[in-house]
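Shown below: input_22.txt, with compact mmCIF, C-alpha atoms.
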# COMPACT_ATOMS: atom_id res chain seq x y z
CA MET M 1 94.67 104.15 67.66
CA THR M 2 93.77 103.25 71.25
CA ASP M 3 95.78 101.09 73.62
CA ALA M 4 94.71 97.49 74.08
CA PRO M 5 92.55 96.93 77.18
CA TYR M 6 94.40 95.90 80.29
CA VAL M 7 94.19 92.21 81.13
CA PRO M 8 95.28 91.45 84.72
CA PRO M 9 97.96 88.78 85.02
CA LYS M 10 97.32 85.64 87.02
CA VAL M 11 99.74 86.86 89.70
CA TRP M 12 100.38 90.55 90.28
CA THR M 13 103.98 91.68 90.67
CA TRP M 14 105.41 95.11 91.42
CA ASN M 15 107.67 95.76 88.45
CA LYS M 16 107.10 99.46 87.80
CA GLU M 17 105.96 102.63 89.53
CA ASN M 18 102.25 103.26 89.26
CA GLY M 19 102.64 106.91 88.28
CA GLY M 20 100.73 109.83 89.71
CA GLN M 21 101.63 112.38 92.35
CA PHE M 22 102.40 109.88 95.11
CA ALA M 23 104.23 107.21 93.11
CA ASN M 24 107.49 107.75 94.98
CA ILE M 25 106.00 106.68 98.32
CA ASN M 26 103.79 103.81 97.15
CA ARG M 27 105.04 100.28 97.70
CA PRO M 28 103.42 96.89 98.38
CA ILE M 29 105.26 96.12 101.62
CA ALA M 30 105.19 97.54 105.13
CA GLY M 31 107.97 98.32 107.57
CA PRO M 32 110.64 101.03 107.76
CA THR M 33 112.84 102.06 104.88
CA HIS M 34 115.44 103.81 107.04
CA ASP M 35 116.51 104.32 110.62
CA LYS M 36 115.34 107.59 112.14
CA GLU M 37 114.42 108.34 115.73
CA LEU M 38 111.56 110.73 116.36
CA PRO M 39 112.08 113.91 118.38
CA VAL M 40 110.44 114.22 121.79
CA GLY M 41 109.35 117.56 123.21
CA LYS M 42 108.39 118.74 126.68
CA HIS M 43 104.63 118.14 126.71
CA PRO M 44 102.68 115.01 127.74
CA LEU M 45 101.37 114.43 124.21
CA GLN M 46 103.70 114.04 121.23
CA LEU M 47 102.02 114.28 117.83
CA TYR M 48 103.73 113.34 114.57
CA SER M 49 101.61 114.55 111.68
CA LEU M 50 100.90 116.69 108.64
CA ALA M 51 97.90 118.94 108.00
CA THR M 52 96.04 116.58 105.72
CA PRO M 53 92.38 116.12 106.66
CA ASN M 54 93.32 113.21 108.92
CA GLY M 55 96.02 115.26 110.60
CA VAL M 56 93.75 118.28 111.07
CA LYS M 57 91.26 116.14 113.00
CA VAL M 58 93.74 115.62 115.81
CA THR M 59 95.18 119.13 116.03
CA VAL M 60 91.64 120.54 116.11
CA MET M 61 90.75 118.09 118.87
CA LEU M 62 93.81 119.06 120.91
CA GLU M 63 93.16 122.78 120.49
CA GLU M 64 89.51 122.28 121.46
CA LEU M 65 90.58 120.42 124.61
CA LEU M 66 93.01 123.20 125.52
CA ALA M 67 90.26 125.76 124.94
CA LEU M 68 88.16 123.92 127.53
CA GLY M 69 90.97 124.25 130.04
CA HIS M 70 92.43 120.72 129.87
CA LYS M 71 96.08 121.55 130.57
CA GLY M 72 97.02 117.89 130.19
CA ALA M 73 96.24 118.22 126.49
CA GLU M 74 99.33 120.36 125.87
CA TYR M 75 101.22 118.89 122.98
CA ASP M 76 104.22 119.07 120.70
CA ALA M 77 103.31 118.69 117.02
CA TRP M 78 106.21 117.49 114.90
CA LEU M 79 106.07 117.72 111.12
CA ILE M 80 106.06 114.50 109.11
CA ARG M 81 106.59 115.19 105.41
CA ILE M 82 104.89 112.23 103.80
CA GLY M 83 106.04 113.24 100.32
CA ASN M 84 109.61 112.73 101.54
CA GLY M 85 108.81 109.37 103.12
CA ASP M 86 109.24 110.48 106.75
CA GLN M 87 106.47 108.08 107.73
CA PHE M 88 108.72 105.15 106.81
CA GLY M 89 111.38 106.04 109.37
CA SER M 90 111.93 103.40 112.05
CA GLY M 91 110.76 105.65 114.88
CA PHE M 92 107.50 106.48 113.16
CA VAL M 93 106.83 102.85 112.22
CA ASP M 94 107.31 101.92 115.88
CA ILE M 95 104.31 104.13 116.68
CA ASN M 96 102.25 103.33 113.61
CA PRO M 97 103.13 100.09 111.81
CA ASN M 98 100.79 101.24 109.01
CA SER M 99 103.06 104.24 108.25
CA LYS M 100 100.23 106.77 108.04
CA ILE M 101 99.83 110.10 109.79
CA PRO M 102 98.75 111.08 112.38
CA ALA M 103 100.49 109.16 115.16
CA LEU M 104 100.40 110.06 118.84
CA MET M 105 102.48 109.14 121.87
CA ASP M 106 100.98 109.81 125.29
CA ARG M 107 103.87 110.14 127.75
CA SER M 108 101.77 111.37 130.68
CA GLY M 109 101.78 108.04 132.52
CA PRO M 110 104.40 105.60 133.81
CA GLU M 111 104.55 103.88 130.41
CA PRO M 112 104.16 105.66 127.05
CA ILE M 113 101.04 104.73 125.12
CA ARG M 114 101.04 104.77 121.34
CA VAL M 115 97.85 105.65 119.47
CA PHE M 116 97.47 105.45 115.71
CA GLU M 117 94.62 105.93 113.23
CA SER M 118 92.88 109.30 113.48
CA GLY M 119 89.55 107.92 114.67
CA SER M 120 91.25 105.97 117.43
CA ILE M 121 93.18 109.07 118.50
CA LEU M 122 89.99 111.14 118.69
CA PHE M 123 88.26 108.48 120.75
CA TYR M 124 91.29 108.05 123.01
CA LEU M 125 91.51 111.79 123.72
CA ALA M 126 87.74 112.09 124.23
CA GLU M 127 87.84 109.27 126.77
CA LYS M 128 90.99 110.54 128.47
CA PHE M 129 89.65 114.05 129.01
CA GLY M 130 85.91 113.35 129.15
CA ALA M 131 85.08 115.81 126.39
CA PHE M 132 83.35 115.90 122.99
CA LEU M 133 81.83 112.45 123.48
CA PRO M 134 78.41 112.60 125.19
CA LYS M 135 77.69 110.37 128.16
CA ASP M 136 74.05 109.81 127.18
CA ILE M 137 74.10 106.41 125.48
CA LYS M 138 71.81 107.39 122.62
CA ILE M 139 73.70 110.57 121.69
CA ARG M 140 77.07 108.90 122.30
CA THR M 141 76.16 106.06 119.95
CA GLU M 142 75.00 108.53 117.31
CA ALA M 143 78.33 110.34 117.55
CA MET M 144 80.25 107.08 117.26
CA SER M 145 78.16 106.01 114.27
CA TRP M 146 79.04 109.19 112.41
CA LEU M 147 82.69 108.85 113.43
CA PHE M 148 82.81 105.40 111.89
CA TRP M 149 80.80 106.65 108.90
CA GLN M 150 83.68 109.00 108.18
CA MET M 151 86.25 106.24 108.49
CA GLY M 152 84.39 104.10 105.99
CA SER M 153 83.37 106.88 103.61
CA ALA M 154 86.45 109.09 103.26
CA PRO M 155 88.54 106.51 101.34
CA TYR M 156 86.00 106.75 98.50
CA LEU M 157 86.40 110.53 98.58
CA GLY M 158 90.18 110.74 98.88
CA GLY M 159 91.63 107.53 97.52
CA GLY M 160 88.78 107.16 95.05
CA PHE M 161 87.47 110.46 93.71
CA GLY M 162 90.41 112.64 94.71
CA HIS M 163 92.97 110.28 93.27
CA PHE M 164 91.34 109.70 89.90
CA TYR M 165 90.08 113.28 89.45
CA ALA M 166 93.17 115.17 90.60
CA TYR M 167 96.22 112.93 90.97
CA ALA M 168 96.12 109.98 88.55
CA PRO M 169 98.50 110.27 85.58
CA THR M 170 95.60 109.79 83.15
CA LYS M 171 91.92 110.73 83.34
CA ILE M 172 89.74 107.63 83.35
CA GLU M 173 86.07 108.47 82.73
CA TYR M 174 84.72 105.32 84.34
CA ALA M 175 86.72 105.81 87.55
CA ILE M 176 85.90 109.52 87.86
CA ASP M 177 82.21 108.92 87.22
CA ARG M 178 82.11 106.04 89.69
CA PHE M 179 83.65 107.98 92.54
CA ALA M 180 82.00 111.32 91.74
CA MET M 181 78.66 109.55 92.09
CA GLU M 182 79.66 108.11 95.45
CA THR M 183 81.07 111.42 96.70
CA LYS M 184 77.86 113.26 95.83
CA ARG M 185 75.85 110.52 97.53
CA GLN M 186 77.91 111.02 100.68
CA LEU M 187 77.37 114.78 100.57
CA ASP M 188 73.65 114.10 100.28
CA VAL M 189 73.80 111.78 103.31
CA LEU M 190 75.38 114.60 105.31
CA ASP M 191 73.04 117.23 103.94
CA ARG M 192 69.95 115.24 104.93
CA ARG M 193 71.28 114.61 108.43
CA LEU M 194 72.16 118.27 108.95
CA ALA M 195 68.79 119.49 107.70
CA ASP M 196 67.27 118.79 111.12
CA ASN M 197 70.36 118.71 113.34
CA GLU M 198 72.82 121.42 114.23
CA TYR M 199 75.65 118.90 114.45
CA LEU M 200 76.01 115.29 113.37
CA ALA M 201 75.09 113.77 116.72
CA GLY M 202 72.30 116.29 117.30
CA SER M 203 72.59 119.57 119.18
CA GLU M 204 76.05 118.81 120.60
CA TYR M 205 79.44 119.32 118.90
CA THR M 206 81.37 116.03 119.17
CA ILE M 207 84.30 114.06 117.83
CA ALA M 208 82.03 113.12 114.92
CA ASP M 209 82.06 116.71 113.68
CA ILE M 210 85.79 117.00 114.37
CA ALA M 211 86.39 113.90 112.23
CA VAL M 212 84.07 114.74 109.34
CA TRP M 213 84.71 118.48 108.99
CA PRO M 214 88.32 118.40 107.72
CA TRP M 215 87.28 116.15 104.84
CA TYR M 216 83.79 117.25 103.87
CA GLY M 217 84.05 120.85 105.03
CA ALA M 218 87.08 121.35 102.80
CA LEU M 219 85.24 119.64 99.95
CA ALA M 220 82.16 121.82 100.47
CA LYS M 221 84.30 124.94 100.14
CA GLY M 222 86.09 123.72 97.02
CA LEU M 223 89.42 123.58 98.85
CA VAL M 224 90.43 120.08 97.79
CA TYR M 225 91.01 118.48 94.40
CA GLY M 226 89.86 121.63 92.54
CA ALA M 227 86.48 119.92 92.33
CA GLY M 228 83.98 122.34 93.87
CA GLU M 229 82.35 123.34 90.60
CA PHE M 230 82.56 119.81 89.20
CA LEU M 231 80.62 118.42 92.18
CA SER M 232 78.23 121.41 92.56
CA VAL M 233 79.11 121.60 96.24
CA GLN M 234 77.12 124.81 96.70
CA ASP M 235 73.92 122.79 96.33
CA TYR M 236 74.41 121.12 99.72
CA LYS M 237 73.08 124.01 101.78
CA ASN M 238 72.99 122.26 105.13
CA VAL M 239 76.56 121.04 104.74
CA GLN M 240 77.56 124.61 103.88
CA ARG M 241 75.89 125.96 107.03
CA TRP M 242 77.54 123.34 109.24
CA THR M 243 80.92 123.85 107.58
CA ASP M 244 80.83 127.62 108.11
CA GLN M 245 79.71 127.24 111.72
CA ILE M 246 82.58 124.93 112.64
CA ALA M 247 85.13 127.01 110.72
CA GLN M 248 84.41 129.98 113.01
CA ARG M 249 85.48 128.15 116.16
CA PRO M 250 88.78 129.64 117.42
CA ALA M 251 90.21 126.21 118.23
CA VAL M 252 89.41 125.00 114.72
CA LYS M 253 91.16 128.03 113.24
CA ARG M 254 94.26 127.20 115.26
CA GLY M 255 94.11 123.46 114.71
CA ARG M 256 94.03 123.68 110.95
CA MET M 257 97.24 125.77 110.99
CA VAL M 258 99.35 123.15 112.77
CA ASN M 259 101.72 121.12 110.56
CA ARG M 260 100.43 122.98 107.48
CA VAL M 261 103.02 123.40 104.72
CA SER M 262 100.97 124.98 101.93
CA GLY M 263 98.80 128.03 101.33
CA ASP M 264 99.14 131.45 102.88
CA PRO M 265 102.37 131.55 104.94
CA ALA M 266 100.41 133.22 107.75
CA SER M 267 98.29 130.05 107.98
CA GLN M 268 101.27 127.70 108.25
CA LEU M 269 102.63 126.65 111.63
CA HIS M 270 105.00 123.86 110.64
CA GLU M 271 105.55 122.74 114.23
CA ARG M 272 103.67 123.63 117.38
CA HIS M 273 105.34 123.43 120.79
CA ASP M 274 103.64 126.26 122.72
CA ALA M 275 100.42 128.21 122.40
CA SER M 276 102.46 131.32 121.67
CA ASP M 277 103.78 129.73 118.47
CA PHE M 278 100.59 130.78 116.67
CA GLU M 279 101.63 134.39 117.19
CA THR M 280 105.38 134.13 116.67
CA LYS M 281 106.32 131.14 114.51
CA THR M 282 104.01 131.03 111.49
CA GLN M 283 105.85 130.93 108.18
CA ASP M 284 105.20 134.56 107.33
CA LYS M 285 107.23 135.46 110.42
CA LEU M 286 109.97 132.87 109.91
CA ALA M 287 110.44 132.97 106.13
CA PRO M 288 113.26 135.24 104.98
CA ALA M 289 112.18 138.54 103.45
CA THR M 290 112.28 138.73 99.67

Written as structure tokens, how would this file's structure read?
Amino acid sequence: MTDAPYVPPKVWTWNKENGGQFANINRPIAGPTHDKELPVGKHPLQLYSLATPNGVKVTVMLEELLALGHKGAEYDAWLIRIGNGDQFGSGFVDINPNSKIPALMDRSGPEPIRVFESGSILFYLAEKFGAFLPKDIKIRTEAMSWLFWQMGSAPYLGGGFGHFYAYAPTKIEYAIDRFAMETKRQLDVLDRRLADNEYLAGSEYTIADIAVWPWYGALAKGLVYGAGEFLSVQDYKNVQRWTDQIAQRPAVKRGRMVNRVSGDPASQLHERHDASDFETKTQDKLAPAT
């Protein structure tokens, strides 16, 4: 016997948890749940984040800027454990009222500047340091178009496909089919663009690639949602080429390690306060011997 179909009430009320992996942090109101000040390190830029795709965008950007010699891009990366609700602390909400990672404070000037939303942070850093955002208006606009493409598209991948395929408490065929179709369409959009272009804006590596790669590069390699085979990601040859090319960049290798709390302990740098931390403070070096 099947359950009766759900009929939405006239007025929705929050009277039970929605289930799924992230039920304990989902709620229909904003604002802090507890008082907690954020730590402040010694560098001009203070990042509060976690190595989700959105978090990786910013740590890759910062490592790329440092690789170019921009000493002002030195940063402290503090770990925000979203599963524990750290993003609802009062200090974090002061920086990002939307309670989402990543959040950045720039303390290099007379007054601290808060920056939230990953796309805004990438644009802010690109403007501040004059890097990874072309000055030519045509190429610059192309880069910005693909940056905003990622902002509009990734929710269908993560909150849509990823949620219903991997995290929802029950498998719903309609929802999985709906978002699998959209995810494959997005991969095809990328694949067609990259057929004739080395990078998304053309021949130049930009913040568009830095924004898109953590989401769609991970998907192309079957690293998220356990869905590589399901989505036939190997068929998108141009996305595969682009993904592999970016993954080989030394700054990308470093950036994806920062604030990571899963996977190989050697790939996890929970907090980053100095460049030397990559050599001395990864979890394989800090974890007690067993």

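Shortest atom-to-atom contact with Gly89 of chain M among M:Val56, M:Ala166, M:Leu38, M:Ala227: M:Leu38, counting all atoms listed in the file.
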
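Each of M:His43, M:Thr243, M:Tyr225, M:Leu122 was compared to Ala168 of chain M using only C-alpha atoms, and M:Tyr225 turns out to be the nearest.
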
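Closest approach to Gly159 of chain M among M:Val7, M:Ile176, M:Ile101, M:Leu66: M:Ile176, based on all atoms listed in the file.
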
request  = Find the spatial neighbours of segment 148-156 of chain M, counting only C-alpha atoms, within a cut-off of 7 Å - ignore same-chain residues fewer than 4 positions away - and output them as a ChimeraX atom specification.
outcome  = /M:144,160-161,179,211-212

query = Is there a way to get, as a list in words, all residues within 12 Å of the point (69.7, 122.2, 112.8) in file coordinates, counting only C-alpha atoms?
reply = Asp191, Arg192, Arg193, Leu194, Ala195, Asp196, Asn197, Glu198, Tyr199, Leu200, Ala201, Gly202, Ser203, Glu204, Tyr205, Lys237, Asn238, Val239, Arg241, Trp242 and Gln245 of chain M

message = Please list as a VMD selection string every residue within 9 Å of segment 279-288 of chain M, counting only C-alpha atoms and excluding residues in the same chain fewer than 6 positions away.
response = chain M and resid 257 261 264 to 272

ask   = What lies within 9 Å of segment 22-32 of chain M using all atoms listed in the file, ignoring chain neighbours under 4 positions off, as a ChimeraX atom specification?
value = /M:14,17-18,82-85,87-94,97-99,167

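With only C-alpha atoms as the atoms that count, the minimum distance from Glu64 of chain M to the choices M:Gly130, M:Gly255, M:Pro169, M:Gly263 is reached by M:Gly255.
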
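Straight-line separation from atom CA of Ile207 of chain M to atom CA of Gly55 of chain M: 13.8 Å.
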
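Separating atom CA of Ala73 of chain M from atom CA of Val115 of chain M is a distance of 14.5 Å.
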
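Reported to one decimal place, the separation of atom CA of Phe132 of chain M from atom CA of Trp215 of chain M is 18.6 Å.
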
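Of the residues under consideration (M:Tyr75, M:Ala180, M:Gly217, M:Gln186), M:Ala180 shows the shortest atom-to-atom contact distance to His163 of chain M when counting all atoms listed in the file.
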
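Ranking M:Arg254, M:Val40, M:Asp274, M:Ala208 by their shortest atom-to-atom distance to Pro112 of chain M, with all atoms listed in the file included, puts M:Val40 first.
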
ask   = Could you list as JSON, numbers by chain every residue that has an atom within 12 Å of (88.1, 114.3, 127.1), using the file's coordinates and counting all atoms listed in the file?
value = {"M": [61, 62, 63, 64, 65, 66, 67, 68, 69, 70, 71, 72, 73, 121, 122, 123, 124, 125, 126, 127, 128, 129, 130, 131, 132, 133, 134, 135, 206, 207]}

Would you pick out the contacts of Met105 of chain M at 9 Å or less, using all atoms listed in the file, so that residues sharing its chain but fewer than 3 positions from it are not included, and give the list as a CSV table (one decimal) with C-alpha atoms, keeping the file's coordinate frame?
chain,number,residue,atom,x,y,z
M,44,PRO,CA,102.7,115.0,127.7
M,45,LEU,CA,101.4,114.4,124.2
M,46,GLN,CA,103.7,114.0,121.2
M,47,LEU,CA,102.0,114.3,117.8
M,48,TYR,CA,103.7,113.3,114.6
M,95,ILE,CA,104.3,104.1,116.7
M,112,PRO,CA,104.2,105.7,127.0
M,113,ILE,CA,101.0,104.7,125.1
M,114,ARG,CA,101.0,104.8,121.3
M,115,VAL,CA,97.8,105.6,119.5
M,116,PHE,CA,97.5,105.4,115.7
